[in-house]
Amino acid sequence: MRTATIKRKTKETDIEVSVNLDGTGVANIATGIGFFDHMLDLLARHSRIDLTVKAVGDLHIDYHHTTEDTGIALGQAVKQALGNMAGITRYAGIHMPMDETLSRVVIDISGRPFLVFKADFPRDKIGEFDTELVREWFQAFAMNAGVTLHVETLYGDNSHHIAESCFKGLARALRTAVAIDPKAAGEIPSTKGSLGG
């Protein structure tokens, strides 16, 4: 089983994240941030990765620390669960529609963390959630998962739809990229013979 649990505690947040890459998309999410819980729930559902997130943060200040630190912990959990990455499909990309919005998400589970994020949000907030935190979460996740991740919203008018298409796009790309390729089971998908540097 490709599973991992990460605990992260600072003066700002106390977070525990568990993943099962070979799950069915069961989610148990509690961050105290309604919109963020919704994004993580659909990330689990559409990636088919079982995901448990329990986060307590300094929400009286704002949602930044809780959002970013959850991205850090989830990235670390995915990286740990992948192990030596033998047999994974590695690359995946998808165009994800959400009503009037279309986003493209492409991932390489390379061991080399990098994020390109291009999405313009018409509004500063979705409910009480700052839209700038969407990028912060993707940055934290990509750096700590050790993945190269390109996220671009090609067009869209509704901030909720833009954020949702980015998270759903990542979910579907992850679903394909972490899957074991039956034609290459046990092989490291790199001409170097290793991933990560």
# chains A, B, ... in the order shown; residues from 1 in each chain; ligands from 1
call {"tool": "select_by_dssp", "arguments": {"residues": "chain A", "states": "strand (DSSP E or B)", "output": "number ranges by chain"}}
result
A: 3-9, 13-20, 27-30, 50-57, 88, 91-98, 101-108, 114-118, 125-126, 129-130, 148-155, 180
call {"tool": "closest_atom_pairs", "arguments": {"of": "segment 30-51 of chain A", "to": "segment 144-166 of chain A", "cutoff": "12 Å", "atoms": "only C-alpha atoms", "output": "JSON lines"}}
result
{"residue": "A:Phe35", "atom": "CA", "partner": "A:His160", "partner_atom": "CA", "distance": 9.1}
{"residue": "A:Phe36", "atom": "CA", "partner": "A:Ala163", "partner_atom": "CA", "distance": 10.0}
{"residue": "A:Asp37", "atom": "CA", "partner": "A:Glu164", "partner_atom": "CA", "distance": 11.7}
{"residue": "A:His38", "atom": "CA", "partner": "A:Glu164", "partner_atom": "CA", "distance": 9.0}
{"residue": "A:Met39", "atom": "CA", "partner": "A:Glu164", "partner_atom": "CA", "distance": 6.6}
{"residue": "A:Leu40", "atom": "CA", "partner": "A:Glu164", "partner_atom": "CA", "distance": 9.9}
{"residue": "A:Asp41", "atom": "CA", "partner": "A:Glu164", "partner_atom": "CA", "distance": 10.9}
{"residue": "A:Leu42", "atom": "CA", "partner": "A:Glu164", "partner_atom": "CA", "distance": 8.4}
{"residue": "A:Leu43", "atom": "CA", "partner": "A:Glu164", "partner_atom": "CA", "distance": 9.2}
{"residue": "A:His46", "atom": "CA", "partner": "A:Ser165", "partner_atom": "CA", "distance": 11.4}
call {"tool": "write_last_selection", "arguments": {"atoms": "N, CA and C atoms", "output": "PDB file, in the first residue's frame"}}
result
ATOM      1  N   PHE A  35     -14.537  26.787   2.103  1.00  0.00           N
ATOM      2  CA  PHE A  35     -14.221  26.679   0.682  1.00  0.00           C
ATOM      3  C   PHE A  35     -13.009  25.781   0.456  1.00  0.00           C
ATOM      4  N   PHE A  36     -11.997  25.903   1.307  1.00  0.00           N
ATOM      5  CA  PHE A  36     -10.788  25.088   1.188  1.00  0.00           C
ATOM      6  C   PHE A  36     -11.116  23.614   1.409  1.00  0.00           C
ATOM      7  N   ASP A  37     -11.968  23.314   2.386  1.00  0.00           N
ATOM      8  CA  ASP A  37     -12.417  21.932   2.598  1.00  0.00           C
ATOM      9  C   ASP A  37     -13.068  21.381   1.327  1.00  0.00           C
ATOM     10  N   HIS A  38     -13.863  22.212   0.676  1.00  0.00           N
ATOM     11  CA  HIS A  38     -14.536  21.814  -0.570  1.00  0.00           C
ATOM     12  C   HIS A  38     -13.513  21.466  -1.655  1.00  0.00           C
ATOM     13  N   MET A  39     -12.459  22.286  -1.784  1.00  0.00           N
ATOM     14  CA  MET A  39     -11.429  22.034  -2.789  1.00  0.00           C
ATOM     15  C   MET A  39     -10.674  20.734  -2.494  1.00  0.00           C
ATOM     16  N   LEU A  40     -10.341  20.489  -1.233  1.00  0.00           N
ATOM     17  CA  LEU A  40      -9.608  19.274  -0.873  1.00  0.00           C
ATOM     18  C   LEU A  40     -10.483  18.034  -1.016  1.00  0.00           C
ATOM     19  N   ASP A  41     -11.771  18.187  -0.735  1.00  0.00           N
ATOM     20  CA  ASP A  41     -12.695  17.076  -0.901  1.00  0.00           C
ATOM     21  C   ASP A  41     -12.783  16.652  -2.366  1.00  0.00           C
ATOM     22  N   LEU A  42     -12.895  17.627  -3.263  1.00  0.00           N
ATOM     23  CA  LEU A  42     -12.979  17.257  -4.677  1.00  0.00           C
ATOM     24  C   LEU A  42     -11.625  16.795  -5.218  1.00  0.00           C
ATOM     25  N   LEU A  43     -10.524  17.269  -4.607  1.00  0.00           N
ATOM     26  CA  LEU A  43      -9.207  16.767  -4.979  1.00  0.00           C
ATOM     27  C   LEU A  43      -9.122  15.272  -4.692  1.00  0.00           C
ATOM     28  N   HIS A  46     -11.728  13.184  -7.104  1.00  0.00           N
ATOM     29  CA  HIS A  46     -11.396  13.045  -8.525  1.00  0.00           C
ATOM     30  C   HIS A  46     -10.021  12.447  -8.776  1.00  0.00           C
TER      31      HIS A  46
END
call {"tool": "residues_around", "arguments": {"residues": "Glu136 of chain A", "least_positions_apart": "2", "cutoff": "12 Å", "atoms": "only C-alpha atoms", "output": "PDB file with N, CA, C and O atoms, in the first residue's frame"}}
result
ATOM      1  N   TYR A  63      -6.406  33.145   6.631  1.00  0.00           N
ATOM      2  CA  TYR A  63      -6.377  31.735   6.228  1.00  0.00           C
ATOM      3  C   TYR A  63      -5.045  31.317   5.612  1.00  0.00           C
ATOM      4  O   TYR A  63      -4.883  30.167   5.204  1.00  0.00           O
ATOM      5  N   HIS A  64      -4.081  32.240   5.551  1.00  0.00           N
ATOM      6  CA  HIS A  64      -2.842  31.986   4.823  1.00  0.00           C
ATOM      7  C   HIS A  64      -2.049  30.822   5.402  1.00  0.00           C
ATOM      8  O   HIS A  64      -1.673  29.884   4.676  1.00  0.00           O
ATOM      9  N   HIS A  65      -1.753  30.863   6.695  1.00  0.00           N
ATOM     10  CA  HIS A  65      -0.896  29.838   7.294  1.00  0.00           C
ATOM     11  C   HIS A  65      -1.522  28.452   7.197  1.00  0.00           C
ATOM     12  O   HIS A  65      -0.834  27.474   6.870  1.00  0.00           O
ATOM     13  N   THR A  66      -2.811  28.355   7.439  1.00  0.00           N
ATOM     14  CA  THR A  66      -3.477  27.046   7.389  1.00  0.00           C
ATOM     15  C   THR A  66      -3.480  26.497   5.972  1.00  0.00           C
ATOM     16  O   THR A  66      -3.207  25.309   5.749  1.00  0.00           O
ATOM     17  N   THR A  67      -3.754  27.349   4.992  1.00  0.00           N
ATOM     18  CA  THR A  67      -3.779  26.909   3.594  1.00  0.00           C
ATOM     19  C   THR A  67      -2.393  26.471   3.130  1.00  0.00           C
ATOM     20  O   THR A  67      -2.221  25.381   2.569  1.00  0.00           O
ATOM     21  N   GLU A  68      -1.384  27.301   3.374  1.00  0.00           N
ATOM     22  CA  GLU A  68      -0.026  26.992   2.930  1.00  0.00           C
ATOM     23  C   GLU A  68       0.521  25.744   3.633  1.00  0.00           C
ATOM     24  O   GLU A  68       1.091  24.855   2.986  1.00  0.00           O
ATOM     25  N   ASP A  69       0.343  25.666   4.940  1.00  0.00           N
ATOM     26  CA  ASP A  69       0.911  24.534   5.693  1.00  0.00           C
ATOM     27  C   ASP A  69       0.215  23.222   5.343  1.00  0.00           C
ATOM     28  O   ASP A  69       0.840  22.156   5.363  1.00  0.00           O
ATOM     29  N   THR A  70      -1.055  23.288   5.005  1.00  0.00           N
ATOM     30  CA  THR A  70      -1.745  22.079   4.538  1.00  0.00           C
ATOM     31  C   THR A  70      -1.166  21.636   3.192  1.00  0.00           C
ATOM     32  O   THR A  70      -0.985  20.432   2.954  1.00  0.00           O
ATOM     33  N   GLY A  71      -0.844  22.583   2.320  1.00  0.00           N
ATOM     34  CA  GLY A  71      -0.193  22.249   1.059  1.00  0.00           C
ATOM     35  C   GLY A  71       1.171  21.608   1.281  1.00  0.00           C
ATOM     36  O   GLY A  71       1.537  20.634   0.603  1.00  0.00           O
ATOM     37  N   ILE A  72       1.922  22.131   2.238  1.00  0.00           N
ATOM     38  CA  ILE A  72       3.231  21.560   2.577  1.00  0.00           C
ATOM     39  C   ILE A  72       3.075  20.121   3.041  1.00  0.00           C
ATOM     40  O   ILE A  72       3.746  19.201   2.551  1.00  0.00           O
ATOM     41  N   LEU A 115       6.821  25.191 -10.083  1.00  0.00           N
ATOM     42  CA  LEU A 115       5.428  25.556 -10.346  1.00  0.00           C
ATOM     43  C   LEU A 115       5.362  26.710 -11.330  1.00  0.00           C
ATOM     44  O   LEU A 115       6.044  27.720 -11.165  1.00  0.00           O
ATOM     45  N   VAL A 116       4.543  26.554 -12.355  1.00  0.00           N
ATOM     46  CA  VAL A 116       4.097  27.660 -13.201  1.00  0.00           C
ATOM     47  C   VAL A 116       2.591  27.774 -12.974  1.00  0.00           C
ATOM     48  O   VAL A 116       1.861  26.804 -13.192  1.00  0.00           O
ATOM     49  N   PHE A 117       2.146  28.916 -12.502  1.00  0.00           N
ATOM     50  CA  PHE A 117       0.725  29.098 -12.177  1.00  0.00           C
ATOM     51  C   PHE A 117       0.238  30.382 -12.833  1.00  0.00           C
ATOM     52  O   PHE A 117       0.712  31.473 -12.516  1.00  0.00           O
ATOM     53  N   ASP A 130      -9.386  34.136   0.455  1.00  0.00           N
ATOM     54  CA  ASP A 130      -8.631  34.991  -0.460  1.00  0.00           C
ATOM     55  C   ASP A 130      -8.205  34.189  -1.680  1.00  0.00           C
ATOM     56  O   ASP A 130      -7.539  33.157  -1.550  1.00  0.00           O
ATOM     57  N   THR A 131      -8.533  34.687  -2.868  1.00  0.00           N
ATOM     58  CA  THR A 131      -8.199  33.936  -4.078  1.00  0.00           C
ATOM     59  C   THR A 131      -6.690  33.814  -4.287  1.00  0.00           C
ATOM     60  O   THR A 131      -6.236  32.865  -4.924  1.00  0.00           O
ATOM     61  N   GLU A 132      -5.890  34.725  -3.753  1.00  0.00           N
ATOM     62  CA  GLU A 132      -4.434  34.611  -3.899  1.00  0.00           C
ATOM     63  C   GLU A 132      -3.886  33.365  -3.188  1.00  0.00           C
ATOM     64  O   GLU A 132      -2.792  32.892  -3.504  1.00  0.00           O
ATOM     65  N   LEU A 133      -4.672  32.807  -2.275  1.00  0.00           N
ATOM     66  CA  LEU A 133      -4.228  31.611  -1.552  1.00  0.00           C
ATOM     67  C   LEU A 133      -4.289  30.352  -2.407  1.00  0.00           C
ATOM     68  O   LEU A 133      -3.670  29.343  -2.055  1.00  0.00           O
ATOM     69  N   VAL A 134      -5.012  30.398  -3.526  1.00  0.00           N
ATOM     70  CA  VAL A 134      -5.023  29.239  -4.423  1.00  0.00           C
ATOM     71  C   VAL A 134      -3.603  28.988  -4.928  1.00  0.00           C
ATOM     72  O   VAL A 134      -3.084  27.873  -4.845  1.00  0.00           O
ATOM     73  N   PHE A 138      -0.923  25.745  -4.228  1.00  0.00           N
ATOM     74  CA  PHE A 138      -0.281  24.992  -5.305  1.00  0.00           C
ATOM     75  C   PHE A 138       1.244  25.071  -5.195  1.00  0.00           C
ATOM     76  O   PHE A 138       1.944  24.090  -5.435  1.00  0.00           O
ATOM     77  N   GLN A 139       1.763  26.238  -4.827  1.00  0.00           N
ATOM     78  CA  GLN A 139       3.206  26.400  -4.641  1.00  0.00           C
ATOM     79  C   GLN A 139       3.719  25.480  -3.531  1.00  0.00           C
ATOM     80  O   GLN A 139       4.710  24.765  -3.699  1.00  0.00           O
ATOM     81  N   ALA A 140       3.045  25.495  -2.392  1.00  0.00           N
ATOM     82  CA  ALA A 140       3.453  24.664  -1.261  1.00  0.00           C
ATOM     83  C   ALA A 140       3.379  23.183  -1.616  1.00  0.00           C
ATOM     84  O   ALA A 140       4.280  22.404  -1.290  1.00  0.00           O
ATOM     85  N   PHE A 141       2.310  22.798  -2.292  1.00  0.00           N
ATOM     86  CA  PHE A 141       2.149  21.390  -2.673  1.00  0.00           C
ATOM     87  C   PHE A 141       3.243  20.948  -3.634  1.00  0.00           C
ATOM     88  O   PHE A 141       3.904  19.931  -3.427  1.00  0.00           O
ATOM     89  N   ALA A 142       3.465  21.713  -4.703  1.00  0.00           N
ATOM     90  CA  ALA A 142       4.447  21.321  -5.719  1.00  0.00           C
ATOM     91  C   ALA A 142       5.849  21.231  -5.142  1.00  0.00           C
ATOM     92  O   ALA A 142       6.592  20.268  -5.410  1.00  0.00           O
ATOM     93  N   MET A 143       6.243  22.212  -4.329  1.00  0.00           N
ATOM     94  CA  MET A 143       7.599  22.228  -3.775  1.00  0.00           C
ATOM     95  C   MET A 143       7.837  21.039  -2.861  1.00  0.00           C
ATOM     96  O   MET A 143       8.928  20.466  -2.833  1.00  0.00           O
TER      97      MET A 143
END
call {"tool": "closest_residue", "arguments": {"among": "A:Ile126, A:Val105, A:Ile49, A:Ala27", "to": "Val178 of chain A", "atoms": "only C-alpha atoms"}}
result
A:Ile49
call {"tool": "closest_residue", "arguments": {"among": "A:Ala86, A:Ala179, A:Ile61, A:Leu21", "to": "Arg45 of chain A", "atoms": "only C-alpha atoms"}}
result
A:Leu21
call {"tool": "select_by_dssp", "arguments": {"residues": "segment 110-194 of chain A", "states": "alpha helix (DSSP H)", "output": "PyMOL selection string"}}
result
chain A and resi 132-145+159-177
call {"tool": "write_last_selection", "arguments": {"atoms": "C-alpha atoms", "output": "PDB file, in the first residue's frame"}}
result
ATOM      1  CA  GLU A 132      -4.434  34.611  -3.899  1.00  0.00           C
ATOM      2  CA  LEU A 133      -4.228  31.611  -1.552  1.00  0.00           C
ATOM      3  CA  VAL A 134      -5.023  29.239  -4.423  1.00  0.00           C
ATOM      4  CA  ARG A 135      -1.572  29.882  -5.867  1.00  0.00           C
ATOM      5  CA  GLU A 136       0.008  29.710  -2.391  1.00  0.00           C
ATOM      6  CA  TRP A 137      -1.445  26.235  -1.898  1.00  0.00           C
ATOM      7  CA  PHE A 138      -0.281  24.992  -5.305  1.00  0.00           C
ATOM      8  CA  GLN A 139       3.206  26.400  -4.641  1.00  0.00           C
ATOM      9  CA  ALA A 140       3.453  24.664  -1.261  1.00  0.00           C
ATOM     10  CA  PHE A 141       2.149  21.390  -2.673  1.00  0.00           C
ATOM     11  CA  ALA A 142       4.447  21.321  -5.719  1.00  0.00           C
ATOM     12  CA  MET A 143       7.599  22.228  -3.775  1.00  0.00           C
ATOM     13  CA  ASN A 144       7.012  19.594  -1.119  1.00  0.00           C
ATOM     14  CA  ALA A 145       5.703  16.834  -3.385  1.00  0.00           C
ATOM     15  CA  SER A 159     -13.569  32.912  -9.393  1.00  0.00           C
ATOM     16  CA  HIS A 160     -15.130  29.837  -7.793  1.00  0.00           C
ATOM     17  CA  HIS A 161     -15.131  28.023 -11.131  1.00  0.00           C
ATOM     18  CA  ILE A 162     -11.517  29.031 -11.828  1.00  0.00           C
ATOM     19  CA  ALA A 163     -10.290  27.677  -8.489  1.00  0.00           C
ATOM     20  CA  GLU A 164     -12.354  24.518  -8.825  1.00  0.00           C
ATOM     21  CA  SER A 165     -11.091  23.793 -12.329  1.00  0.00           C
ATOM     22  CA  CYS A 166      -7.493  24.117 -11.079  1.00  0.00           C
ATOM     23  CA  PHE A 167      -8.031  21.705  -8.176  1.00  0.00           C
ATOM     24  CA  LYS A 168     -10.037  19.240 -10.259  1.00  0.00           C
ATOM     25  CA  GLY A 169      -7.425  19.429 -12.992  1.00  0.00           C
ATOM     26  CA  LEU A 170      -4.693  18.594 -10.504  1.00  0.00           C
ATOM     27  CA  ALA A 171      -6.806  15.735  -9.174  1.00  0.00           C
ATOM     28  CA  ARG A 172      -7.240  14.116 -12.576  1.00  0.00           C
ATOM     29  CA  ALA A 173      -3.598  14.678 -13.536  1.00  0.00           C
ATOM     30  CA  LEU A 174      -2.432  13.150 -10.247  1.00  0.00           C
ATOM     31  CA  ARG A 175      -4.775  10.197 -10.733  1.00  0.00           C
ATOM     32  CA  THR A 176      -3.033   9.322 -13.986  1.00  0.00           C
ATOM     33  CA  ALA A 177       0.534  10.250 -13.009  1.00  0.00           C
TER      34      ALA A 177
END
call {"tool": "atom_distance", "arguments": {"atom1": "atom CA of Ala185 of chain A", "atom2": "atom CA of Ile88 of chain A"}}
result
7.4 Å
call {"tool": "residues_around", "arguments": {"residues": "Gly87 of chain A", "least_positions_apart": "3", "cutoff": "6 Å", "atoms": "only C-alpha atoms", "output": "ChimeraX atom specification"}}
result
/A:180-181,184-188
call {"tool": "write_last_selection", "arguments": {"atoms": "C-alpha atoms", "output": "compact mmCIF listing (two decimals), in the first residue's frame"}}
result
# COMPACT_ATOMS: atom_id res chain seq x y z
CA ILE A 180 1.25 2.14 -11.93
CA ASP A 181 1.95 1.61 -15.63
CA ALA A 184 6.64 -0.63 -16.79
CA ALA A 185 5.87 -2.03 -13.34
CA GLY A 186 8.95 -1.95 -11.16
CA GLU A 187 10.88 0.34 -13.51
CA ILE A 188 11.97 3.85 -12.62
call {"tool": "residues_around", "arguments": {"residues": "segment 6-15 of chain A", "least_positions_apart": "5", "cutoff": "8 Å", "atoms": "only C-alpha atoms", "output": "mmCIF file with N, CA, C and O atoms, in the first residue's frame"}}
result
data_model
loop_
_atom_site.group_PDB
_atom_site.id
_atom_site.type_symbol
_atom_site.label_atom_id
_atom_site.label_comp_id
_atom_site.auth_asym_id
_atom_site.auth_seq_id
_atom_site.Cartn_x
_atom_site.Cartn_y
_atom_site.Cartn_z
ATOM 1 N N VAL A 53 -7.433 15.104 6.265
ATOM 2 C CA VAL A 53 -6.759 16.334 6.664
ATOM 3 C C VAL A 53 -7.429 16.866 7.914
ATOM 4 O O VAL A 53 -8.631 17.142 7.919
ATOM 5 N N LYS A 54 -6.637 17.007 8.967
ATOM 6 C CA LYS A 54 -7.118 17.648 10.187
ATOM 7 C C LYS A 54 -6.181 18.815 10.453
ATOM 8 O O LYS A 54 -4.983 18.613 10.693
ATOM 9 N N ALA A 55 -6.708 20.025 10.382
ATOM 10 C CA ALA A 55 -5.877 21.219 10.529
ATOM 11 C C ALA A 55 -6.510 22.194 11.513
ATOM 12 O O ALA A 55 -7.698 22.501 11.415
ATOM 13 N N VAL A 56 -5.689 22.645 12.443
ATOM 14 C CA VAL A 56 -6.088 23.709 13.360
ATOM 15 C C VAL A 56 -5.070 24.827 13.173
ATOM 16 O O VAL A 56 -3.865 24.606 13.344
ATOM 17 N N GLY A 57 -5.560 25.997 12.786
ATOM 18 C CA GLY A 57 -4.640 27.099 12.512
ATOM 19 C C GLY A 57 -5.124 28.410 13.079
ATOM 20 O O GLY A 57 -6.209 28.502 13.660
ATOM 21 N N ASP A 58 -4.311 29.436 12.889
ATOM 22 C CA ASP A 58 -4.603 30.765 13.421
ATOM 23 C C ASP A 58 -5.563 31.511 12.495
ATOM 24 O O ASP A 58 -5.227 32.558 11.932
ATOM 25 N N HIS A 65 -1.753 30.863 6.695
ATOM 26 C CA HIS A 65 -0.896 29.838 7.294
ATOM 27 C C HIS A 65 -1.522 28.452 7.197
ATOM 28 O O HIS A 65 -0.834 27.474 6.870
ATOM 29 N N THR A 66 -2.811 28.355 7.439
ATOM 30 C CA THR A 66 -3.477 27.046 7.389
ATOM 31 C C THR A 66 -3.480 26.497 5.972
ATOM 32 O O THR A 66 -3.207 25.309 5.749
ATOM 33 N N ASP A 69 0.343 25.666 4.940
ATOM 34 C CA ASP A 69 0.911 24.534 5.693
ATOM 35 C C ASP A 69 0.215 23.222 5.343
ATOM 36 O O ASP A 69 0.840 22.156 5.363
ATOM 37 N N THR A 70 -1.055 23.288 5.005
ATOM 38 C CA THR A 70 -1.745 22.079 4.538
ATOM 39 C C THR A 70 -1.166 21.636 3.192
ATOM 40 O O THR A 70 -0.985 20.432 2.954
ATOM 41 N N ALA A 73 2.174 19.906 3.998
ATOM 42 C CA ALA A 73 1.995 18.563 4.571
ATOM 43 C C ALA A 73 1.466 17.577 3.544
ATOM 44 O O ALA A 73 1.922 16.426 3.483
ATOM 45 N N LEU A 74 0.520 18.004 2.712
ATOM 46 C CA LEU A 74 -0.026 17.100 1.697
ATOM 47 C C LEU A 74 1.038 16.758 0.656
ATOM 48 O O LEU A 74 1.157 15.607 0.229
ATOM 49 N N GLN A 76 4.274 16.634 1.147
ATOM 50 C CA GLN A 76 5.204 15.706 1.788
ATOM 51 C C GLN A 76 4.603 14.305 1.883
ATOM 52 O O GLN A 76 5.312 13.306 1.694
ATOM 53 N N ALA A 77 3.315 14.228 2.155
ATOM 54 C CA ALA A 77 2.661 12.928 2.268
ATOM 55 C C ALA A 77 2.635 12.204 0.930
ATOM 56 O O ALA A 77 2.909 10.999 0.854
#
call {"tool": "decode", "arguments": {"residues": "segment 36-74 of chain A", "atoms": "C-alpha atoms", "output": "PDB file, in the first residue's frame"}}
result
ATOM      1  CA  PHE A  36     -10.788  25.088   1.188  1.00  0.00           C
ATOM      2  CA  ASP A  37     -12.417  21.932   2.598  1.00  0.00           C
ATOM      3  CA  HIS A  38     -14.536  21.814  -0.570  1.00  0.00           C
ATOM      4  CA  MET A  39     -11.429  22.034  -2.789  1.00  0.00           C
ATOM      5  CA  LEU A  40      -9.608  19.274  -0.873  1.00  0.00           C
ATOM      6  CA  ASP A  41     -12.695  17.076  -0.901  1.00  0.00           C
ATOM      7  CA  LEU A  42     -12.979  17.257  -4.677  1.00  0.00           C
ATOM      8  CA  LEU A  43      -9.207  16.767  -4.979  1.00  0.00           C
ATOM      9  CA  ALA A  44      -9.586  13.445  -3.167  1.00  0.00           C
ATOM     10  CA  ARG A  45     -12.742  12.441  -5.028  1.00  0.00           C
ATOM     11  CA  HIS A  46     -11.396  13.045  -8.525  1.00  0.00           C
ATOM     12  CA  SER A  47      -7.857  11.774  -7.910  1.00  0.00           C
ATOM     13  CA  ARG A  48      -9.152   8.589  -6.232  1.00  0.00           C
ATOM     14  CA  ILE A  49      -6.606   9.271  -3.473  1.00  0.00           C
ATOM     15  CA  ASP A  50      -7.965   8.647   0.025  1.00  0.00           C
ATOM     16  CA  LEU A  51      -7.267  11.835   1.963  1.00  0.00           C
ATOM     17  CA  THR A  52      -7.595  12.778   5.610  1.00  0.00           C
ATOM     18  CA  VAL A  53      -6.759  16.334   6.664  1.00  0.00           C
ATOM     19  CA  LYS A  54      -7.118  17.648  10.187  1.00  0.00           C
ATOM     20  CA  ALA A  55      -5.877  21.219  10.529  1.00  0.00           C
ATOM     21  CA  VAL A  56      -6.088  23.709  13.360  1.00  0.00           C
ATOM     22  CA  GLY A  57      -4.640  27.099  12.512  1.00  0.00           C
ATOM     23  CA  ASP A  58      -4.603  30.765  13.421  1.00  0.00           C
ATOM     24  CA  LEU A  59      -7.754  31.552  11.471  1.00  0.00           C
ATOM     25  CA  HIS A  60      -8.333  34.619  13.659  1.00  0.00           C
ATOM     26  CA  ILE A  61      -5.423  36.193  11.754  1.00  0.00           C
ATOM     27  CA  ASP A  62      -6.299  34.947   8.270  1.00  0.00           C
ATOM     28  CA  TYR A  63      -6.377  31.735   6.228  1.00  0.00           C
ATOM     29  CA  HIS A  64      -2.842  31.986   4.823  1.00  0.00           C
ATOM     30  CA  HIS A  65      -0.896  29.838   7.294  1.00  0.00           C
ATOM     31  CA  THR A  66      -3.477  27.046   7.389  1.00  0.00           C
ATOM     32  CA  THR A  67      -3.779  26.909   3.594  1.00  0.00           C
ATOM     33  CA  GLU A  68      -0.026  26.992   2.930  1.00  0.00           C
ATOM     34  CA  ASP A  69       0.911  24.534   5.693  1.00  0.00           C
ATOM     35  CA  THR A  70      -1.745  22.079   4.538  1.00  0.00           C
ATOM     36  CA  GLY A  71      -0.193  22.249   1.059  1.00  0.00           C
ATOM     37  CA  ILE A  72       3.231  21.560   2.577  1.00  0.00           C
ATOM     38  CA  ALA A  73       1.995  18.563   4.571  1.00  0.00           C
ATOM     39  CA  LEU A  74      -0.026  17.100   1.697  1.00  0.00           C
TER      40      LEU A  74
END
